[in-house]
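Next up, run16.cif (mmCIF, C-alpha atoms):
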```cif
data_query
#
loop_
_atom_site.label_atom_id
_atom_site.label_comp_id
_atom_site.auth_asym_id
_atom_site.auth_seq_id
_atom_site.Cartn_x
_atom_site.Cartn_y
_atom_site.Cartn_z
CA MET Y 1 34.76 11.01 105.22
CA ALA Y 2 37.67 13.44 104.96
CA VAL Y 3 36.53 15.00 108.21
CA ALA Y 4 36.33 11.57 109.88
CA MET Y 5 39.82 10.59 108.75
CA ALA Y 6 41.24 13.89 109.92
CA LEU Y 7 39.70 13.48 113.35
CA THR Y 8 40.51 9.79 113.87
CA ALA Y 9 44.09 9.81 112.59
CA PRO Y 10 45.61 11.36 115.77
CA SER Y 11 43.47 9.14 118.05
CA LEU Y 12 45.48 5.98 117.46
CA ASN Y 13 47.40 6.63 120.71
CA PHE Y 14 44.30 7.45 122.69
CA GLY Y 15 42.29 5.08 124.87
CA VAL Y 16 39.23 3.19 123.61
CA ARG Y 17 36.85 5.68 125.26
CA SER Y 18 38.49 8.64 123.55
CA PHE Y 19 38.47 6.83 120.25
CA THR Y 20 34.73 6.07 120.63
CA ARG Y 21 33.92 9.72 121.39
CA LEU Y 22 35.86 10.91 118.32
CA SER Y 23 34.19 8.31 116.12
CA ARG Y 24 30.72 9.44 117.23
CA LEU Y 25 31.71 13.08 116.59
CA SER Y 26 32.98 12.28 113.12
CA GLN Y 27 29.78 10.36 112.32
CA ARG Y 28 27.65 13.35 113.36
CA LEU Y 29 29.74 15.72 111.24
CA PHE Y 30 29.53 13.41 108.25
CA SER Y 31 25.76 13.01 108.64
CA THR Y 32 25.33 16.79 108.85
CA ALA Y 33 27.35 17.27 105.66
CA VAL Y 34 25.25 14.68 103.79
CA ILE Y 35 22.00 16.29 104.92
CA ARG Y 36 23.22 19.74 103.89
CA TYR Y 37 24.26 18.42 100.45
CA GLN Y 38 20.90 16.71 99.99
CA GLN Y 39 19.09 19.93 100.89
CA GLU Y 40 21.16 21.91 98.36
CA PHE Y 41 20.48 19.34 95.64
CA THR Y 42 16.76 19.33 96.45
CA THR Y 43 16.53 23.05 95.71
CA LEU Y 44 17.96 22.42 92.20
CA GLU Y 45 16.38 19.12 91.36
CA GLU Y 46 13.82 20.75 89.02
CA LYS Y 47 16.63 22.15 86.87
CA PRO Y 48 18.92 19.87 84.82
CA GLN Y 49 22.44 19.62 86.23
CA PHE Y 50 24.04 17.92 83.22
CA PRO Y 51 27.47 19.45 82.56
CA GLY Y 52 27.11 19.59 78.76
CA ALA Y 53 24.27 22.12 78.35
CA SER Y 54 22.24 24.86 80.01
CA ALA Y 55 18.53 24.12 79.79
CA GLU Y 56 15.19 23.56 81.51
CA TYR Y 57 13.10 20.41 81.77
CA VAL Y 58 9.97 20.03 79.61
CA ASN Y 59 7.26 17.40 79.86
CA THR Y 60 6.15 17.31 76.22
CA LEU Y 61 7.90 15.56 73.33
CA GLU Y 62 8.95 18.06 70.69
CA PHE Y 63 11.90 18.14 68.27
CA ILE Y 64 13.54 21.48 67.58
CA GLN Y 65 12.79 22.70 64.07
CA PRO Y 66 15.75 23.59 61.79
CA ASN Y 67 14.67 27.22 61.40
CA VAL Y 68 13.50 28.37 64.81
CA ILE Y 69 13.40 31.95 63.48
CA SER Y 70 12.38 33.26 60.07
CA GLY Y 71 15.98 34.00 59.12
CA ILE Y 72 18.97 35.94 60.39
CA PRO Y 73 18.60 39.51 59.10
CA VAL Y 74 21.12 41.11 56.73
CA TYR Y 75 22.76 44.24 58.12
CA ARG Y 76 23.21 47.08 55.66
CA VAL Y 77 24.14 50.75 55.77
CA MET Y 78 23.31 52.02 52.28
CA ASP Y 79 20.80 50.92 49.70
CA ARG Y 80 21.50 50.04 46.08
CA LYS Y 81 21.22 53.68 45.03
CA GLY Y 82 23.98 54.67 47.44
CA HIS Y 83 21.74 56.33 50.03
CA ILE Y 84 22.46 55.87 53.75
CA VAL Y 85 19.49 54.00 55.23
CA ASN Y 86 20.09 54.83 58.91
CA PRO Y 87 22.25 57.91 59.64
CA ASN Y 88 23.24 56.42 62.98
CA GLU Y 89 25.02 53.58 61.13
CA ASP Y 90 26.92 55.85 58.74
CA PRO Y 91 30.64 55.22 59.40
CA LYS Y 92 31.24 58.84 58.36
CA LEU Y 93 34.40 58.03 56.47
CA GLY Y 94 36.17 60.98 54.89
CA LYS Y 95 36.31 61.68 51.17
CA GLU Y 96 39.92 60.50 50.87
CA MET Y 97 39.12 57.17 52.55
CA VAL Y 98 36.05 56.53 50.39
CA LEU Y 99 37.91 57.42 47.20
CA LYS Y 100 40.68 55.00 48.18
CA MET Y 101 38.07 52.27 48.67
CA TYR Y 102 36.56 52.94 45.28
CA GLN Y 103 39.89 53.09 43.47
CA LYS Y 104 41.11 49.83 45.02
CA MET Y 105 37.86 48.08 44.09
CA THR Y 106 37.94 49.30 40.50
CA LEU Y 107 41.69 48.66 40.13
CA LEU Y 108 41.13 45.07 41.26
CA ASN Y 109 38.32 44.76 38.72
CA THR Y 110 40.59 46.05 35.95
CA MET Y 111 43.43 43.71 36.93
CA ASP Y 112 41.00 40.79 36.91
CA ARG Y 113 39.83 41.53 33.38
CA ILE Y 114 43.33 41.79 31.96
CA LEU Y 115 44.72 38.71 33.72
CA TYR Y 116 41.64 36.67 32.87
CA GLU Y 117 42.11 37.51 29.20
CA SER Y 118 45.83 36.77 29.41
CA GLN Y 119 45.03 33.25 30.64
CA ARG Y 120 42.58 32.78 27.80
CA GLN Y 121 45.40 33.73 25.43
CA GLY Y 122 47.71 31.16 27.01
CA ARG Y 123 50.03 33.72 28.57
CA ILE Y 124 49.49 32.50 32.14
CA SER Y 125 48.32 29.06 33.24
CA PHE Y 126 45.40 29.85 35.56
CA TYR Y 127 43.41 32.67 37.09
CA MET Y 128 40.49 33.38 39.43
CA THR Y 129 38.56 36.64 39.24
CA ASN Y 130 36.97 38.57 42.09
CA TYR Y 131 34.04 40.07 40.15
CA GLY Y 132 31.18 41.07 42.41
CA GLU Y 133 33.01 40.45 45.69
CA GLU Y 134 35.20 43.55 45.78
CA GLY Y 135 33.17 45.09 48.61
CA THR Y 136 33.87 42.19 50.94
CA HIS Y 137 37.62 42.55 50.37
CA VAL Y 138 38.02 46.28 50.72
CA GLY Y 139 35.41 46.85 53.42
CA SER Y 140 36.93 44.23 55.72
CA ALA Y 141 40.57 45.08 54.96
CA ALA Y 142 39.97 48.75 55.74
CA ALA Y 143 38.46 47.86 59.13
CA ILE Y 144 41.36 45.86 60.56
CA GLU Y 145 44.84 46.95 61.56
CA MET Y 146 47.96 46.40 59.48
CA GLN Y 147 49.53 44.28 62.23
CA ASP Y 148 46.59 41.86 62.12
CA LEU Y 149 47.34 38.56 60.40
CA VAL Y 150 45.34 37.53 57.33
CA PHE Y 151 44.61 33.97 56.25
CA GLY Y 152 42.98 34.03 52.82
CA GLN Y 153 41.35 31.37 50.70
CA TYR Y 154 41.96 32.30 47.05
CA ARG Y 155 39.57 35.15 46.32
CA GLU Y 156 40.93 37.89 48.58
CA ALA Y 157 43.29 39.76 46.25
CA GLY Y 158 41.58 43.01 47.23
CA VAL Y 159 42.69 42.57 50.85
CA LEU Y 160 46.32 42.44 49.73
CA MET Y 161 45.79 45.35 47.36
CA TRP Y 162 44.38 47.45 50.20
CA ARG Y 163 47.44 46.61 52.31
CA GLY Y 164 49.79 47.98 49.68
CA TYR Y 165 50.82 44.83 47.83
CA PRO Y 166 52.09 46.26 44.53
CA LEU Y 167 50.76 45.43 41.09
CA ASP Y 168 54.23 44.21 40.12
CA SER Y 169 54.03 41.53 42.83
CA PHE Y 170 50.58 40.39 41.68
CA MET Y 171 51.87 40.04 38.13
CA ALA Y 172 55.14 38.38 39.16
CA GLN Y 173 53.24 35.74 41.11
CA CYS Y 174 50.80 35.00 38.29
CA TYR Y 175 53.62 34.78 35.75
CA GLY Y 176 55.96 32.92 38.12
CA ASN Y 177 58.89 35.08 37.03
CA ILE Y 178 62.17 35.88 38.81
CA ASP Y 179 60.47 38.49 41.02
CA ASP Y 180 57.94 36.00 42.39
CA TYR Y 181 58.50 35.45 46.11
CA ALA Y 182 57.65 31.77 45.67
CA HIS Y 183 60.06 31.30 42.74
CA GLY Y 184 57.24 30.07 40.52
CA LYS Y 185 56.42 27.11 42.77
CA GLN Y 186 52.82 28.12 43.44
CA MET Y 187 49.81 28.24 41.13
CA PRO Y 188 48.76 31.74 40.01
CA VAL Y 189 46.64 33.75 42.52
CA HIS Y 190 48.24 31.92 45.48
CA TYR Y 191 49.65 35.11 46.92
CA GLY Y 192 51.53 35.58 50.17
CA SER Y 193 53.51 38.38 51.79
CA LEU Y 194 55.36 38.47 55.10
CA GLU Y 195 55.65 42.25 54.81
CA HIS Y 196 51.87 42.62 54.53
CA ASN Y 197 51.02 39.98 57.17
CA PHE Y 198 49.25 37.83 54.61
CA VAL Y 199 49.84 34.09 54.94
CA THR Y 200 50.48 32.35 51.61
CA ILE Y 201 47.33 30.86 50.12
CA SER Y 202 47.03 27.09 49.99
CA SER Y 203 44.93 25.22 47.43
CA PRO Y 204 43.43 22.52 49.72
CA LEU Y 205 40.09 23.82 50.86
CA ALA Y 206 39.62 25.17 54.41
CA THR Y 207 43.05 24.20 55.75
CA GLN Y 208 43.62 27.86 56.65
CA ILE Y 209 40.79 27.84 59.21
CA PRO Y 210 42.37 25.74 62.01
CA GLN Y 211 45.76 27.27 61.16
CA ALA Y 212 44.32 30.75 61.70
CA VAL Y 213 42.90 29.68 65.05
CA GLY Y 214 46.34 28.47 66.12
CA ALA Y 215 47.84 31.84 65.22
CA ALA Y 216 45.09 33.64 67.14
CA TYR Y 217 45.70 31.46 70.18
CA ALA Y 218 49.39 32.38 70.03
CA TYR Y 219 48.42 36.07 70.00
CA LYS Y 220 46.24 35.51 73.04
CA ARG Y 221 49.09 33.79 74.88
CA SER Y 222 51.40 36.66 73.98
CA ASP Y 223 48.87 39.24 75.22
CA ILE Y 224 49.37 41.60 72.30
CA ASP Y 225 46.95 43.90 70.50
CA ARG Y 226 46.61 41.79 67.37
CA ALA Y 227 43.81 39.80 65.82
CA VAL Y 228 43.57 37.23 63.04
CA ILE Y 229 41.06 37.39 60.22
CA CYS Y 230 40.35 34.20 58.31
CA TYR Y 231 38.52 34.32 54.98
CA PHE Y 232 36.64 31.41 53.43
CA GLY Y 233 33.61 30.72 51.27
CA GLU Y 234 30.37 29.04 52.26
CA GLY Y 235 31.55 25.92 50.42
CA ALA Y 236 34.65 25.70 52.61
CA ALA Y 237 32.38 25.91 55.67
CA SER Y 238 31.20 22.39 54.78
CA GLU Y 239 34.68 21.01 55.38
CA GLY Y 240 35.61 19.28 58.63
CA ASP Y 241 38.43 21.78 59.15
CA ALA Y 242 35.79 24.51 59.56
CA HIS Y 243 34.13 22.62 62.43
CA ALA Y 244 37.46 22.02 64.13
CA GLY Y 245 38.45 25.65 63.73
CA PHE Y 246 35.16 27.07 65.05
CA ASN Y 247 35.15 24.77 68.06
CA PHE Y 248 38.79 25.37 68.99
CA ALA Y 249 38.37 29.15 68.62
CA ALA Y 250 35.36 29.17 70.94
CA THR Y 251 36.71 26.86 73.63
CA LEU Y 252 40.19 28.45 73.64
CA GLU Y 253 38.69 31.96 73.40
CA CYS Y 254 40.84 33.21 70.53
CA PRO Y 255 40.92 36.74 69.05
CA ILE Y 256 39.86 35.78 65.53
CA ILE Y 257 37.36 37.01 62.96
CA PHE Y 258 35.91 34.28 60.77
CA PHE Y 259 34.91 36.08 57.57
CA CYS Y 260 32.69 34.00 55.29
CA ARG Y 261 32.04 35.18 51.74
CA ASN Y 262 28.72 33.56 50.93
CA ASN Y 263 28.71 34.12 47.17
CA GLY Y 264 26.02 31.60 46.26
CA TYR Y 265 28.13 28.84 44.73
CA ALA Y 266 30.77 26.35 45.84
CA ILE Y 267 32.28 26.10 42.35
CA SER Y 268 29.13 24.74 40.64
CA THR Y 269 27.15 23.70 43.72
CA PRO Y 270 24.45 26.23 44.68
CA THR Y 271 23.76 26.98 48.33
CA TYR Y 272 20.46 25.07 48.38
CA GLU Y 273 22.43 21.89 47.66
CA GLN Y 274 25.17 22.72 50.17
CA TYR Y 275 23.17 23.06 53.38
CA ARG Y 276 19.64 23.11 54.78
CA GLY Y 277 20.14 25.53 57.66
CA ASP Y 278 20.04 29.32 57.57
CA GLY Y 279 23.42 29.96 56.01
CA ILE Y 280 26.71 30.16 57.87
CA ALA Y 281 25.93 32.82 60.48
CA ALA Y 282 23.32 30.49 62.00
CA ARG Y 283 26.09 28.05 62.91
CA GLY Y 284 27.92 30.51 65.13
CA PRO Y 285 25.66 30.31 68.21
CA GLY Y 286 25.95 26.52 68.16
CA TYR Y 287 29.67 26.91 68.78
CA GLY Y 288 29.24 29.78 71.22
CA ILE Y 289 30.44 32.35 68.67
CA ARG Y 290 28.84 35.77 68.23
CA SER Y 291 27.74 36.17 64.63
CA ILE Y 292 26.35 38.70 62.19
CA ARG Y 293 25.11 38.60 58.61
CA VAL Y 294 25.91 41.61 56.44
CA ASP Y 295 25.23 42.82 52.93
CA GLY Y 296 28.57 42.03 51.29
CA ASN Y 297 27.79 44.37 48.39
CA ASP Y 298 27.61 47.29 50.85
CA VAL Y 299 31.22 48.22 51.58
CA PHE Y 300 30.18 50.38 54.55
CA ALA Y 301 28.20 47.56 56.18
CA VAL Y 302 31.18 45.25 55.77
CA TYR Y 303 33.46 47.92 57.22
CA ASN Y 304 31.25 48.54 60.28
CA ALA Y 305 30.71 44.85 61.03
CA THR Y 306 34.38 43.92 60.68
CA LYS Y 307 35.57 46.87 62.73
CA GLU Y 308 33.20 46.01 65.59
CA ALA Y 309 34.09 42.32 65.31
CA ARG Y 310 37.77 43.18 65.67
CA ARG Y 311 37.08 45.34 68.73
CA HIS Y 312 35.33 42.46 70.49
CA ALA Y 313 37.91 39.91 69.37
CA VAL Y 314 40.86 41.86 70.74
CA SER Y 315 39.34 43.37 73.88
CA GLU Y 316 37.54 40.20 75.01
CA ASN Y 317 39.60 37.41 73.41
CA GLN Y 318 36.53 36.08 71.65
CA PRO Y 319 36.00 34.65 68.16
CA MET Y 320 33.56 36.49 65.90
CA LEU Y 321 31.79 35.29 62.76
CA VAL Y 322 30.86 37.62 59.89
CA GLU Y 323 28.84 36.20 57.01
CA ALA Y 324 28.97 38.56 54.04
CA MET Y 325 26.18 37.87 51.55
CA THR Y 326 27.40 38.56 48.02
CA TYR Y 327 27.45 37.03 44.54
CA ARG Y 328 30.23 35.56 42.41
CA ILE Y 329 29.68 37.21 39.05
CA GLY Y 330 32.65 35.58 37.35
CA HIS Y 331 33.32 31.92 36.69
CA HIS Y 332 34.80 30.03 39.62
CA SER Y 333 38.12 30.02 37.78
CA THR Y 334 39.48 29.79 34.27
CA SER Y 335 38.89 26.03 34.56
CA ASP Y 336 35.14 26.59 34.97
CA ASP Y 337 32.25 27.49 32.67
CA SER Y 338 29.46 28.74 34.93
CA SER Y 339 26.95 28.89 32.07
CA ALA Y 340 26.56 25.14 32.58
CA TYR Y 341 24.84 25.62 35.95
CA ARG Y 342 23.36 29.14 36.03
CA SER Y 343 21.58 31.44 33.61
CA VAL Y 344 22.92 34.54 31.91
CA ASP Y 345 19.95 36.51 33.31
CA GLU Y 346 20.88 35.55 36.87
CA VAL Y 347 24.44 36.78 36.45
CA SER Y 348 23.29 39.92 34.62
CA TYR Y 349 20.99 40.90 37.48
CA TRP Y 350 23.82 40.98 40.02
CA ASP Y 351 26.21 42.66 37.60
CA LYS Y 352 23.79 45.41 36.59
CA GLN Y 353 21.47 45.82 39.57
CA ASP Y 354 23.42 45.03 42.75
CA HIS Y 355 27.16 45.42 42.21
CA PRO Y 356 29.31 46.70 45.12
CA ILE Y 357 31.28 49.03 42.84
CA SER Y 358 28.10 50.56 41.42
CA ARG Y 359 26.68 51.09 44.89
CA LEU Y 360 29.77 52.93 46.14
CA HIS Y 361 29.91 54.88 42.86
CA ASN Y 362 26.33 56.05 43.46
CA PHE Y 363 27.22 57.11 47.00
CA MET Y 364 30.13 59.25 45.78
CA ILE Y 365 27.96 60.84 43.10
CA ASN Y 366 25.34 61.66 45.74
CA GLN Y 367 28.03 63.25 47.92
CA GLY Y 368 29.38 65.32 45.03
CA TRP Y 369 32.77 63.60 45.32
CA TRP Y 370 32.83 62.01 41.84
CA ASP Y 371 31.61 62.69 38.32
CA ASP Y 372 31.71 61.16 34.86
CA ALA Y 373 34.89 62.97 33.85
CA GLN Y 374 36.76 61.68 36.91
CA GLU Y 375 35.41 58.20 36.28
CA LYS Y 376 36.61 58.20 32.69
CA ALA Y 377 40.06 59.53 33.65
CA TRP Y 378 40.51 57.00 36.46
CA ARG Y 379 39.43 54.05 34.34
CA LYS Y 380 41.94 55.06 31.66
CA GLN Y 381 44.70 55.60 34.23
CA SER Y 382 44.08 52.33 36.08
CA ARG Y 383 44.03 50.31 32.85
CA LYS Y 384 47.31 51.91 31.77
CA MET Y 385 48.88 51.02 35.15
CA VAL Y 386 47.83 47.38 34.88
CA ILE Y 387 48.87 47.00 31.23
CA GLU Y 388 52.33 48.47 31.87
CA THR Y 389 52.85 46.20 34.89
CA PHE Y 390 51.60 43.24 32.90
CA GLU Y 391 54.07 43.91 30.09
CA ARG Y 392 56.99 44.28 32.52
CA ALA Y 393 56.16 40.95 34.16
CA GLU Y 394 55.83 39.17 30.85
CA ARG Y 395 59.27 40.31 29.69
CA LYS Y 396 61.08 39.02 32.77
CA LEU Y 397 62.86 35.67 32.90
CA LYS Y 398 61.54 32.62 34.73
CA PRO Y 399 63.45 31.48 37.86
CA SER Y 400 66.44 29.20 37.48
CA PRO Y 401 65.62 25.46 37.42
CA LYS Y 402 68.04 25.00 40.33
CA LEU Y 403 65.46 26.64 42.61
CA ILE Y 404 63.41 23.44 42.31
CA PHE Y 405 65.72 22.06 44.98
CA THR Y 406 65.61 25.00 47.42
CA ASP Y 407 63.28 26.31 50.16
CA VAL Y 408 62.74 22.94 51.87
CA TYR Y 409 66.01 21.99 53.57
CA ASP Y 410 68.53 24.34 55.16
CA THR Y 411 71.22 21.99 53.86
CA ALA Y 412 70.15 19.71 51.03
CA PRO Y 413 70.54 15.99 51.87
CA PRO Y 414 72.84 13.88 49.64
CA SER Y 415 69.88 12.33 47.78
CA LEU Y 416 68.60 15.76 46.76
CA GLN Y 417 72.06 16.95 45.77
CA LYS Y 418 72.37 13.86 43.57
CA GLN Y 419 69.05 14.62 41.86
CA GLU Y 420 70.16 18.19 41.19
CA GLU Y 421 73.37 16.98 39.56
CA GLN Y 422 71.41 14.49 37.45
CA LEU Y 423 69.03 17.18 36.25
CA LYS Y 424 71.88 19.54 35.42
CA LYS Y 425 73.61 16.87 33.30
CA HIS Y 426 70.34 16.01 31.59
CA VAL Y 427 69.50 19.56 30.53
CA GLU Y 428 73.08 20.18 29.40
CA ARG Y 429 72.89 17.10 27.20
CA TYR Y 430 69.49 17.92 25.73
CA ALA Y 431 69.66 21.71 25.92
CA GLU Y 432 68.17 22.15 22.43
CA HIS Y 433 64.87 20.71 23.70
CA TYR Y 434 64.40 23.27 26.50
CA PRO Y 435 63.61 27.02 26.20
CA PHE Y 436 66.52 28.12 28.42
CA ASP Y 437 66.54 31.56 26.87
CA LYS Y 438 63.44 32.27 29.02
CA PHE Y 439 65.03 31.13 32.29
CA GLU Y 440 67.78 32.32 34.57
CA ARG Y 441 70.93 30.23 34.25
CA PHE Y 442 70.95 26.85 35.97
#
```
Could you express the structure from this file as structure tokens?
Amino acid sequence: MAVAMALTAPSLNFGVRSFTRLSRLSQRLFSTAVIRYQQEFTTLEEKPQFPGASAEYVNTLEFIQPNVISGIPVYRVMDRKGHIVNPNEDPKLGKEMVLKMYQKMTLLNTMDRILYESQRQGRISFYMTNYGEEGTHVGSAAAIEMQDLVFGQYREAGVLMWRGYPLDSFMAQCYGNIDDYAHGKQMPVHYGSLEHNFVTISSPLATQIPQAVGAAYAYKRSDIDRAVICYFGEGAASEGDAHAGFNFAATLECPIIFFCRNNGYAISTPTYEQYRGDGIAARGPGYGIRSIRVDGNDVFAVYNATKEARRHAVSENQPMLVEAMTYRIGHHSTSDDSSAYRSVDEVSYWDKQDHPISRLHNFMINQGWWDDAQEKAWRKQSRKMVIETFERAERKLKPSPKLIFTDVYDTAPPSLQKQEEQLKKHVERYAEHYPFDKFERF
């Protein structure tokens, strides 16, 4: 019809005969176009042309089974005894790099034990350990670049430790003292550091996932060599924010690594009550995301998978999904008693038989890079470091109460200024009821 209109528009000033000839010509052209279109469609009519999927027709009724394959395999590099399974997959990291990995993992473990006990003694209000998941932290953190942005959940302290976040800052945050970047306004273990490109942790589950996708999209728009890595547990993957994040990342083609720590439990809910499919990696293809499942207790496997995932994410502007299979040896938090929903034997197996620190320790022994004397000396040194930092943090004052009213408005509105004055008068009047000797001056 476009052809007909184009041909007949100038003919308004022509005679009737000319108009008739042009009309017949336009009709022939239109008819030819229709025939050609019908011929093209005929050649494809045995293949579905629906815009929402790529598929073939079938003539038998059959529903797709949930597990179309036996299970996504788990990629590993070394076995539980610390032996490299396939030499071609050996990352061939140098002695210095491997020792750094081991020392960060064991230092994190030592810090966890001391801070957990301090909470039990009432010295801090809350804590969450990382027992058993140290390999997922250090292996992934070592594989990305320092300029990459990290969105954590609340069990990624090892990532910050690898990036150089000092012990003093860990302690200051957990104690909420005057050196805490957040001025004591966050719960313990809700770390954050602009210097280390680590976005402050938020308690609501899975909110970091769509936020991380937005940051990755910004990097794509800026055309810079940076990626985003977003950590979460398999429990958080059940949240609606996870679906939104996965779908946005795929359709907007964002340079992001979704790193799922599948540690077996969403607080007290075991995986068999969380989902019926084959874990989290199986969801990736449904969103159009390349995925891999790795042995999260094998720090080298985590390193290789994350490094390759970053390469694809940055060079191709594509989201990648890494599911690290591991086990949460500790309680979910100091508010939890895991003996109510799992056996001591179950926990003991993972602690004694398949611990990421033990596996890397075995590797270093096999390489001749470590021995019992070095182990004893390092354990003593690392404990001394943590204890000294702990004691320094405990002696420091808490932030001034006036900081309650800061960090929201550039200029406090009159209503907030009024509240601050009211609080100041109140505490001056009833000063004997408040432990102001432990706080900076109002």
Practice item. On this file, the PyMOL selection byres ((chain Y and resi 205) around 12) gives some set of residues; write that set as a PyMOL selection string. Key: chain Y and resi 152-154+201-204+206-210+231-242+266-267
Skip Leu108 (chain Y) itself and residues of its chain fewer than 3 positions away, then list as a short mmCIF file (atom, residue, chain, number, x, y, z; two decimals) with C-alpha atoms, in the frame of the given file all residues within 12 Å of it, counting all atoms listed in the file.
```cif
data_model
loop_
_atom_site.label_atom_id
_atom_site.label_comp_id
_atom_site.auth_asym_id
_atom_site.auth_seq_id
_atom_site.Cartn_x
_atom_site.Cartn_y
_atom_site.Cartn_z
CA MET Y 101 38.07 52.27 48.67
CA TYR Y 102 36.56 52.94 45.28
CA GLN Y 103 39.89 53.09 43.47
CA LYS Y 104 41.11 49.83 45.02
CA MET Y 105 37.86 48.08 44.09
CA MET Y 111 43.43 43.71 36.93
CA ASP Y 112 41.00 40.79 36.91
CA ARG Y 113 39.83 41.53 33.38
CA ILE Y 114 43.33 41.79 31.96
CA LEU Y 115 44.72 38.71 33.72
CA TYR Y 116 41.64 36.67 32.87
CA MET Y 128 40.49 33.38 39.43
CA THR Y 129 38.56 36.64 39.24
CA ASN Y 130 36.97 38.57 42.09
CA TYR Y 131 34.04 40.07 40.15
CA GLY Y 132 31.18 41.07 42.41
CA GLU Y 133 33.01 40.45 45.69
CA GLU Y 134 35.20 43.55 45.78
CA GLY Y 135 33.17 45.09 48.61
CA HIS Y 137 37.62 42.55 50.37
CA VAL Y 138 38.02 46.28 50.72
CA ARG Y 155 39.57 35.15 46.32
CA GLU Y 156 40.93 37.89 48.58
CA ALA Y 157 43.29 39.76 46.25
CA GLY Y 158 41.58 43.01 47.23
CA VAL Y 159 42.69 42.57 50.85
CA LEU Y 160 46.32 42.44 49.73
CA MET Y 161 45.79 45.35 47.36
CA TRP Y 162 44.38 47.45 50.20
CA TYR Y 165 50.82 44.83 47.83
CA PRO Y 166 52.09 46.26 44.53
CA LEU Y 167 50.76 45.43 41.09
CA PHE Y 170 50.58 40.39 41.68
CA ILE Y 357 31.28 49.03 42.84
CA ARG Y 379 39.43 54.05 34.34
CA SER Y 382 44.08 52.33 36.08
CA ARG Y 383 44.03 50.31 32.85
CA MET Y 385 48.88 51.02 35.15
CA VAL Y 386 47.83 47.38 34.88
#
```
Check your understanding: Of the candidates Y:Ile178, Y:Leu107, Y:Ile124, Y:Ala249, which shows the shortest atom-to-atom distance to Lys380 (chain Y), using only C-alpha atoms?
Key -> Y:Leu107
Return as lines of an AutoDock Vina configuration file the box centre and box size in Å, one decimal, for an axis-aligned box around all listed atoms of region 195-213 of chain Y padded by 5 Å per side.
```
center_x = 47.6
center_y = 32.6
center_z = 56.2
size_x = 26.0
size_y = 30.1
size_z = 27.6
```
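Interatomic distance, CA of Met171 (chain Y) to CA of Thr200 (chain Y): 15.6 Å.
Atom pair CA of Thr106 (chain Y) / CA of Ala377 (chain Y): separated by 12.5 Å.
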Practice item. Mind checking which residues fall within 10 Å of Leu93 (chain Y), counting all atoms listed in the file, ignoring those fewer than 5 positions away in the same chain, and posting them as a ChimeraX atom specification? Key: /Y:98-99,300
Review point. Counting only C-alpha atoms, what is within 10 Å of region 75-84 of chain Y, bar same-chain residues fewer than 5 positions away, as a ChimeraX atom specification?
Key: /Y:89-91,292-305,324-325,353-356,358-367
Review point. Quick one: which residues end up in the PyMOL selection byres ((chain Y and resi 290) around 12) for this structure, as a ChimeraX atom specification?
Key: /Y:246,249-250,253,256-258,280-289,291-293,305,308-310,312-313,316,318-323
